[in-house]
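Structure file entry_24.cif (mmCIF, C-alpha atoms) follows.
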data_run
loop_
_atom_site.label_atom_id
_atom_site.label_comp_id
_atom_site.auth_asym_id
_atom_site.auth_seq_id
_atom_site.Cartn_x
_atom_site.Cartn_y
_atom_site.Cartn_z
CA MET A 1 2.10 32.10 57.09
CA LYS A 2 3.13 28.78 58.68
CA LYS A 3 -0.32 27.41 57.86
CA ILE A 4 0.14 28.19 54.16
CA LEU A 5 3.80 27.11 53.97
CA PHE A 6 3.22 23.63 55.43
CA PRO A 7 0.55 22.56 52.87
CA LEU A 8 2.71 23.98 50.04
CA LEU A 9 5.74 22.04 51.32
CA ALA A 10 3.67 18.84 51.61
CA ALA A 11 2.34 19.34 48.06
CA ALA A 12 5.87 19.93 46.73
CA LEU A 13 7.12 16.75 48.43
CA ALA A 14 4.19 14.78 47.04
CA MET A 15 4.90 16.12 43.53
CA THR A 16 8.57 15.17 43.82
CA ALA A 17 7.65 11.67 44.99
CA CYS A 18 5.19 11.31 42.12
CA ASP A 19 7.81 12.52 39.66
CA SER A 20 10.35 9.95 40.89
CA LYS A 21 7.73 7.17 40.73
CA THR A 22 6.71 8.26 37.24
CA THR A 23 10.39 8.30 36.21
CA GLU A 24 10.88 4.80 37.68
CA GLN A 25 7.74 3.53 35.96
CA ALA A 26 8.82 5.08 32.68
CA ALA A 27 12.27 3.51 33.02
CA GLY A 28 10.69 0.11 33.79
CA ALA A 29 8.32 0.38 30.84
CA GLU A 30 11.22 1.43 28.61
CA ALA A 31 13.28 -1.61 29.71
CA GLN A 32 10.30 -3.87 29.06
CA THR A 33 9.81 -2.34 25.61
CA GLU A 34 13.51 -2.89 24.85
CA ALA A 35 13.22 -6.55 25.92
CA THR A 36 10.14 -6.97 23.75
CA ALA A 37 11.86 -5.24 20.86
CA GLN A 38 14.73 -7.71 21.15
CA ILE A 39 12.36 -10.55 20.25
CA GLY A 40 10.90 -9.60 16.91
CA SER A 41 8.77 -11.59 14.51
CA SER A 42 11.90 -12.76 12.68
CA ASP A 43 13.04 -14.42 15.94
CA ILE A 44 9.97 -16.65 16.11
CA ALA A 45 9.12 -19.66 13.95
CA TYR A 46 6.67 -22.52 13.97
CA VAL A 47 6.74 -26.09 12.70
CA GLN A 48 3.78 -28.24 11.67
CA VAL A 49 5.12 -31.29 13.48
CA GLU A 50 2.32 -33.65 12.40
CA ALA A 51 2.90 -32.73 8.74
CA VAL A 52 6.64 -33.33 9.05
CA LEU A 53 6.12 -36.72 10.69
CA ALA A 54 3.47 -37.78 8.14
CA GLN A 55 5.52 -36.71 5.10
CA CYS A 56 9.05 -37.62 6.15
CA ASP A 57 10.92 -40.51 4.51
CA LEU A 58 11.09 -42.37 7.83
CA PHE A 59 7.29 -42.61 7.92
CA LEU A 60 6.95 -43.34 4.19
CA ASN A 61 9.61 -46.10 4.30
CA GLU A 62 9.03 -47.63 7.74
CA GLY A 63 6.07 -46.00 9.46
CA LYS A 64 3.43 -47.00 6.91
CA ALA A 65 4.58 -50.63 7.04
CA LEU A 66 4.43 -50.59 10.83
CA GLN A 67 0.99 -48.98 10.74
CA GLU A 68 -0.26 -51.63 8.30
CA LYS A 69 1.28 -54.40 10.42
CA THR A 70 -0.49 -53.06 13.52
CA GLU A 71 -3.85 -52.74 11.72
CA LYS A 72 -3.50 -56.25 10.26
CA ALA A 73 -2.77 -57.71 13.71
CA GLN A 74 -5.76 -55.91 15.26
CA LYS A 75 -8.03 -57.17 12.47
CA SER A 76 -6.70 -60.72 12.93
CA TRP A 77 -7.32 -60.57 16.70
CA ALA A 78 -10.89 -59.35 16.16
CA GLN A 79 -11.60 -62.13 13.64
CA ARG A 80 -10.12 -64.82 15.89
CA GLU A 81 -12.15 -63.54 18.85
CA GLN A 82 -15.38 -63.51 16.81
CA SER A 83 -14.65 -67.04 15.55
CA LEU A 84 -14.16 -68.39 19.07
CA GLN A 85 -17.30 -66.59 20.32
CA ALA A 86 -19.33 -68.04 17.43
CA GLU A 87 -18.00 -71.53 18.18
CA ALA A 88 -18.95 -71.19 21.85
CA ALA A 89 -22.43 -69.94 20.90
CA GLN A 90 -22.94 -72.91 18.52
CA LEU A 91 -21.86 -75.34 21.21
CA GLN A 92 -24.33 -73.77 23.67
CA GLU A 93 -27.12 -73.98 21.10
CA LYS A 94 -26.39 -77.66 20.33
CA TYR A 95 -26.36 -78.49 24.02
CA GLN A 96 -29.63 -76.66 24.68
CA LYS A 97 -31.30 -78.49 21.79
CA GLY A 98 -30.06 -81.80 23.21
CA LEU A 99 -27.93 -82.60 20.14
CA ILE A 100 -24.85 -83.47 22.19
CA THR A 101 -24.26 -85.08 25.57
CA THR A 102 -23.22 -83.13 28.64
CA ARG A 103 -19.85 -84.88 28.62
CA ASP A 104 -19.20 -83.97 24.96
CA ALA A 105 -20.35 -80.38 25.59
CA GLN A 106 -17.98 -80.07 28.55
CA ALA A 107 -15.07 -81.52 26.54
CA GLN A 108 -15.71 -79.13 23.66
CA GLN A 109 -16.13 -76.22 26.05
CA GLU A 110 -12.77 -77.02 27.67
CA SER A 111 -11.19 -77.21 24.21
CA ILE A 112 -12.63 -73.78 23.32
CA GLN A 113 -11.44 -72.32 26.64
CA GLN A 114 -7.91 -73.66 26.03
CA ARG A 115 -7.87 -72.11 22.55
CA VAL A 116 -9.17 -68.81 23.99
CA ALA A 117 -6.37 -68.81 26.60
CA SER A 118 -3.78 -69.67 23.94
CA TYR A 119 -5.12 -66.96 21.61
CA GLN A 120 -5.12 -64.35 24.40
CA ASN A 121 -1.55 -65.27 25.38
CA ASN A 122 -0.31 -65.03 21.77
CA ALA A 123 -2.26 -61.82 21.13
CA GLN A 124 -0.80 -60.26 24.27
CA LYS A 125 2.76 -61.14 23.23
CA GLU A 126 2.16 -59.83 19.72
CA ALA A 127 0.63 -56.63 21.11
CA GLN A 128 3.64 -56.07 23.39
CA THR A 129 6.01 -56.52 20.44
CA LEU A 130 3.99 -54.08 18.32
CA ASP A 131 3.82 -51.57 21.18
CA GLU A 132 7.59 -51.73 21.52
CA GLU A 133 8.11 -51.32 17.77
CA ASN A 134 5.75 -48.32 17.75
CA TYR A 135 7.52 -46.83 20.78
CA VAL A 136 10.94 -47.18 19.11
CA PHE A 137 9.60 -45.73 15.85
CA THR A 138 8.06 -42.74 17.66
CA ASN A 139 11.31 -42.10 19.54
CA ARG A 140 13.30 -42.24 16.29
CA ALA A 141 10.92 -39.78 14.63
CA GLN A 142 11.08 -37.40 17.63
CA ASP A 143 14.88 -37.67 17.68
CA LEU A 144 15.13 -36.81 13.96
CA LEU A 145 12.75 -33.89 14.43
CA GLN A 146 14.67 -32.56 17.44
CA ARG A 147 18.03 -32.87 15.67
CA ALA A 148 16.64 -31.19 12.55
CA VAL A 149 15.33 -28.21 14.53
CA GLN A 150 18.65 -27.92 16.42
CA GLU A 151 20.64 -27.93 13.17
CA ILE A 152 18.34 -25.37 11.53
CA ASN A 153 18.66 -23.15 14.60
CA ALA A 154 22.39 -23.78 15.15
CA ASP A 155 23.05 -20.09 14.52
CA LYS A 156 20.48 -19.22 17.24
CA ARG A 157 18.56 -17.14 14.70
CA TYR A 158 15.26 -18.12 16.32
CA LYS A 159 14.64 -17.39 19.97
CA LEU A 160 11.38 -19.32 19.92
CA ILE A 161 10.26 -22.29 17.77
CA ILE A 162 6.83 -23.69 18.55
CA ASN A 163 4.64 -26.58 17.40
CA ALA A 164 1.96 -25.29 15.02
CA SER A 165 -0.67 -27.46 16.74
CA ALA A 166 -0.67 -24.86 19.54
CA LEU A 167 -1.18 -21.93 17.14
CA ILE A 168 -4.42 -20.08 16.70
CA ASP A 169 -3.14 -17.68 14.04
CA ALA A 170 0.27 -16.87 12.59
CA ASP A 171 1.88 -15.35 9.53
CA THR A 172 2.97 -18.02 7.05
CA THR A 173 6.39 -16.38 6.75
CA LEU A 174 7.11 -17.78 10.23
CA ASN A 175 6.50 -21.36 9.00
CA ILE A 176 9.76 -23.36 8.79
CA THR A 177 8.05 -26.72 8.22
CA PRO A 178 9.50 -27.29 4.70
CA ALA A 179 13.04 -26.65 5.96
CA VAL A 180 12.53 -28.98 8.93
CA LEU A 181 11.07 -31.71 6.68
CA LYS A 182 14.04 -31.42 4.33
CA LYS A 183 16.51 -31.62 7.23
CA VAL A 184 14.67 -34.61 8.80
CA ASN A 185 14.95 -36.46 5.48
CA GLU A 186 18.66 -35.58 5.21
CA LEU A 187 19.33 -36.85 8.73
CA TYR A 188 17.30 -40.03 8.09
CA ALA A 189 19.31 -40.73 4.91
CA ALA A 190 22.57 -40.12 6.80
CA ASP A 191 21.49 -42.47 9.61
CA LYS A 192 20.58 -45.21 7.11
CA LYS A 193 23.94 -44.79 5.35
CA ALA A 194 25.77 -44.99 8.70
CA ASP A 195 23.81 -48.14 9.67
CA LYS A 196 24.69 -49.80 6.34
CA ALA A 197 28.37 -48.92 6.86
CA LYS A 198 28.30 -50.62 10.29
CA ASN A 199 26.79 -53.81 8.83
#
This structure in structure tokens:
Amino acid sequence: MKKILFPLLAAALAMTACDSKTTEQAAGAEAQTEATAQIGSSDIAYVQVEAVLAQCDLFLNEGKALQEKTEKAQKSWAQREQSLQAEAAQLQEKYQKGLITTRDAQAQQESIQQRVASYQNNAQKEAQTLDEENYVFTNRAQDLLQRAVQEINADKRYKLIINASALIDADTTLNITPAVLKKVNELYAADKKADKAKN
């Protein structure tokens, strides 16, 4: 009888332990489901940041001009560089053909080198200024975007707002880009008005 009772007792203990583990696992899964249920699709939104930045009044009024200024400067640098390279090549060709003296060639070469150094110095200063202007512009755009999102989500309606560039697929009802764009433009207009009032 002892031989039968011991295995039955061991089986009963094992069943009780399994039941308590199953109950704990069920409780854990239930808590996790409740946490997941607390964040529903209406709590999540996404913003097409690139679209907002490309369409906002800040970019249309100031960004395009800065972009054109940068492109114009880069084109000017490339043309100046090509011009100096062509001049140096012509000088080399004249010297090799024996059309100018060594002394004249050296004097012209020094003149070209001085203009190259002057051009590089000016181009570097101009590039630093443009880099700084672009940096300030980017920071202003990011600040407007951040403030717009914070104002839209002031009621904490969304628990998660993500950049659409990281999305693979999403329902368009979660897209708050138009609202963010509108708010960015409102904040930009308010900032411009405040700046005019200061001046």
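When atom CA of A:Gln113 is paired with atom CA of A:Gln82, their separation reads 13.8 Å.
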Evaluate the PyMOL selection byres ((chain A and resi 146-163) around 6) and report residues as a ChimeraX atom specification:
/A:43-47,143-145,164-166,180,183-184
If the PyMOL selection byres ((chain A and resi 134) around 12) is run on the structure shown, which residues does it catch, given as a list in words?
Phe59, Glu62, Gly63, Lys64, Ala65, Leu66, Gln67, Glu68, Lys69, Thr70, Ala127, Gln128, Thr129, Leu130, Asp131, Glu132, Glu133, Tyr135, Val136, Phe137, Thr138, Asn139, Arg140 and Ala141 of chain A
Which polymer residues have any atom within 12 Å of an atom of A:Ser118, counting all atoms listed in the file, with same-chain residues fewer than 5 positions away left out, as a PyMOL selection string?
chain A and resi 80-81+84+111-113+123-125
Please enumerate the residues selected by the PyMOL selection byres ((chain A and resi 177) around 9) when evaluated against the supplied file, formatted as an NGL selection string.
:A and (46-49 or 51-52 or 175-176 or 178-182)
Could I see stretch 59-78 of chain A restored to N, CA, C and O atoms, set down as a PDB file, in the coordinates of the input?
ATOM      1  N   PHE A  59       8.669 -42.109   7.878  1.00  0.00           N
ATOM      2  CA  PHE A  59       7.290 -42.610   7.920  1.00  0.00           C
ATOM      3  C   PHE A  59       6.942 -43.326   6.625  1.00  0.00           C
ATOM      4  O   PHE A  59       6.345 -44.402   6.647  1.00  0.00           O
ATOM      5  N   LEU A  60       7.307 -42.740   5.481  1.00  0.00           N
ATOM      6  CA  LEU A  60       6.950 -43.340   4.190  1.00  0.00           C
ATOM      7  C   LEU A  60       7.627 -44.696   3.992  1.00  0.00           C
ATOM      8  O   LEU A  60       7.037 -45.606   3.422  1.00  0.00           O
ATOM      9  N   ASN A  61       8.867 -44.846   4.477  1.00  0.00           N
ATOM     10  CA  ASN A  61       9.610 -46.100   4.300  1.00  0.00           C
ATOM     11  C   ASN A  61       9.317 -47.137   5.387  1.00  0.00           C
ATOM     12  O   ASN A  61       9.276 -48.328   5.100  1.00  0.00           O
ATOM     13  N   GLU A  62       9.167 -46.686   6.621  1.00  0.00           N
ATOM     14  CA  GLU A  62       9.030 -47.630   7.740  1.00  0.00           C
ATOM     15  C   GLU A  62       7.718 -47.475   8.506  1.00  0.00           C
ATOM     16  O   GLU A  62       7.160 -48.461   8.973  1.00  0.00           O
ATOM     17  N   GLY A  63       7.264 -46.265   8.649  1.00  0.00           N
ATOM     18  CA  GLY A  63       6.070 -46.000   9.460  1.00  0.00           C
ATOM     19  C   GLY A  63       4.802 -46.590   8.873  1.00  0.00           C
ATOM     20  O   GLY A  63       3.983 -47.166   9.592  1.00  0.00           O
ATOM     21  N   LYS A  64       4.637 -46.451   7.552  1.00  0.00           N
ATOM     22  CA  LYS A  64       3.430 -47.000   6.910  1.00  0.00           C
ATOM     23  C   LYS A  64       3.381 -48.515   7.079  1.00  0.00           C
ATOM     24  O   LYS A  64       2.324 -49.075   7.356  1.00  0.00           O
ATOM     25  N   ALA A  65       4.526 -49.172   6.888  1.00  0.00           N
ATOM     26  CA  ALA A  65       4.580 -50.630   7.040  1.00  0.00           C
ATOM     27  C   ALA A  65       4.227 -51.042   8.459  1.00  0.00           C
ATOM     28  O   ALA A  65       3.480 -52.016   8.674  1.00  0.00           O
ATOM     29  N   LEU A  66       4.735 -50.295   9.437  1.00  0.00           N
ATOM     30  CA  LEU A  66       4.430 -50.590  10.830  1.00  0.00           C
ATOM     31  C   LEU A  66       2.955 -50.354  11.132  1.00  0.00           C
ATOM     32  O   LEU A  66       2.316 -51.138  11.844  1.00  0.00           O
ATOM     33  N   GLN A  67       2.410 -49.286  10.566  1.00  0.00           N
ATOM     34  CA  GLN A  67       0.990 -48.980  10.740  1.00  0.00           C
ATOM     35  C   GLN A  67       0.127 -50.093  10.137  1.00  0.00           C
ATOM     36  O   GLN A  67      -0.831 -50.550  10.774  1.00  0.00           O
ATOM     37  N   GLU A  68       0.479 -50.546   8.949  1.00  0.00           N
ATOM     38  CA  GLU A  68      -0.260 -51.630   8.300  1.00  0.00           C
ATOM     39  C   GLU A  68      -0.139 -52.931   9.097  1.00  0.00           C
ATOM     40  O   GLU A  68      -1.120 -53.670   9.242  1.00  0.00           O
ATOM     41  N   LYS A  69       1.049 -53.199   9.610  1.00  0.00           N
ATOM     42  CA  LYS A  69       1.280 -54.400  10.420  1.00  0.00           C
ATOM     43  C   LYS A  69       0.401 -54.375  11.673  1.00  0.00           C
ATOM     44  O   LYS A  69      -0.208 -55.386  12.050  1.00  0.00           O
ATOM     45  N   THR A  70       0.322 -53.218  12.307  1.00  0.00           N
ATOM     46  CA  THR A  70      -0.490 -53.060  13.520  1.00  0.00           C
ATOM     47  C   THR A  70      -1.973 -53.255  13.195  1.00  0.00           C
ATOM     48  O   THR A  70      -2.688 -53.965  13.912  1.00  0.00           O
ATOM     49  N   GLU A  71      -2.440 -52.618  12.110  1.00  0.00           N
ATOM     50  CA  GLU A  71      -3.850 -52.740  11.720  1.00  0.00           C
ATOM     51  C   GLU A  71      -4.192 -54.178  11.355  1.00  0.00           C
ATOM     52  O   GLU A  71      -5.269 -54.676  11.702  1.00  0.00           O
ATOM     53  N   LYS A  72      -3.280 -54.855  10.656  1.00  0.00           N
ATOM     54  CA  LYS A  72      -3.500 -56.250  10.260  1.00  0.00           C
ATOM     55  C   LYS A  72      -3.612 -57.147  11.502  1.00  0.00           C
ATOM     56  O   LYS A  72      -4.480 -58.017  11.578  1.00  0.00           O
ATOM     57  N   ALA A  73      -2.735 -56.920  12.473  1.00  0.00           N
ATOM     58  CA  ALA A  73      -2.770 -57.710  13.710  1.00  0.00           C
ATOM     59  C   ALA A  73      -4.075 -57.473  14.461  1.00  0.00           C
ATOM     60  O   ALA A  73      -4.704 -58.427  14.941  1.00  0.00           O
ATOM     61  N   GLN A  74      -4.513 -56.223  14.546  1.00  0.00           N
ATOM     62  CA  GLN A  74      -5.760 -55.910  15.260  1.00  0.00           C
ATOM     63  C   GLN A  74      -6.960 -56.562  14.563  1.00  0.00           C
ATOM     64  O   GLN A  74      -7.862 -57.075  15.223  1.00  0.00           O
ATOM     65  N   LYS A  75      -6.945 -56.541  13.241  1.00  0.00           N
ATOM     66  CA  LYS A  75      -8.030 -57.170  12.470  1.00  0.00           C
ATOM     67  C   LYS A  75      -8.030 -58.684  12.705  1.00  0.00           C
ATOM     68  O   LYS A  75      -9.084 -59.294  12.901  1.00  0.00           O
ATOM     69  N   SER A  76      -6.839 -59.280  12.708  1.00  0.00           N
ATOM     70  CA  SER A  76      -6.700 -60.720  12.930  1.00  0.00           C
ATOM     71  C   SER A  76      -7.200 -61.095  14.318  1.00  0.00           C
ATOM     72  O   SER A  76      -7.904 -62.111  14.491  1.00  0.00           O
ATOM     73  N   TRP A  77      -6.863 -60.289  15.328  1.00  0.00           N
ATOM     74  CA  TRP A  77      -7.320 -60.570  16.700  1.00  0.00           C
ATOM     75  C   TRP A  77      -8.844 -60.516  16.765  1.00  0.00           C
ATOM     76  O   TRP A  77      -9.467 -61.372  17.384  1.00  0.00           O
ATOM     77  N   ALA A  78      -9.430 -59.500  16.128  1.00  0.00           N
ATOM     78  CA  ALA A  78     -10.890 -59.350  16.160  1.00  0.00           C
ATOM     79  C   ALA A  78     -11.569 -60.541  15.484  1.00  0.00           C
ATOM     80  O   ALA A  78     -12.568 -61.066  16.000  1.00  0.00           O
TER      81      ALA A  78
END
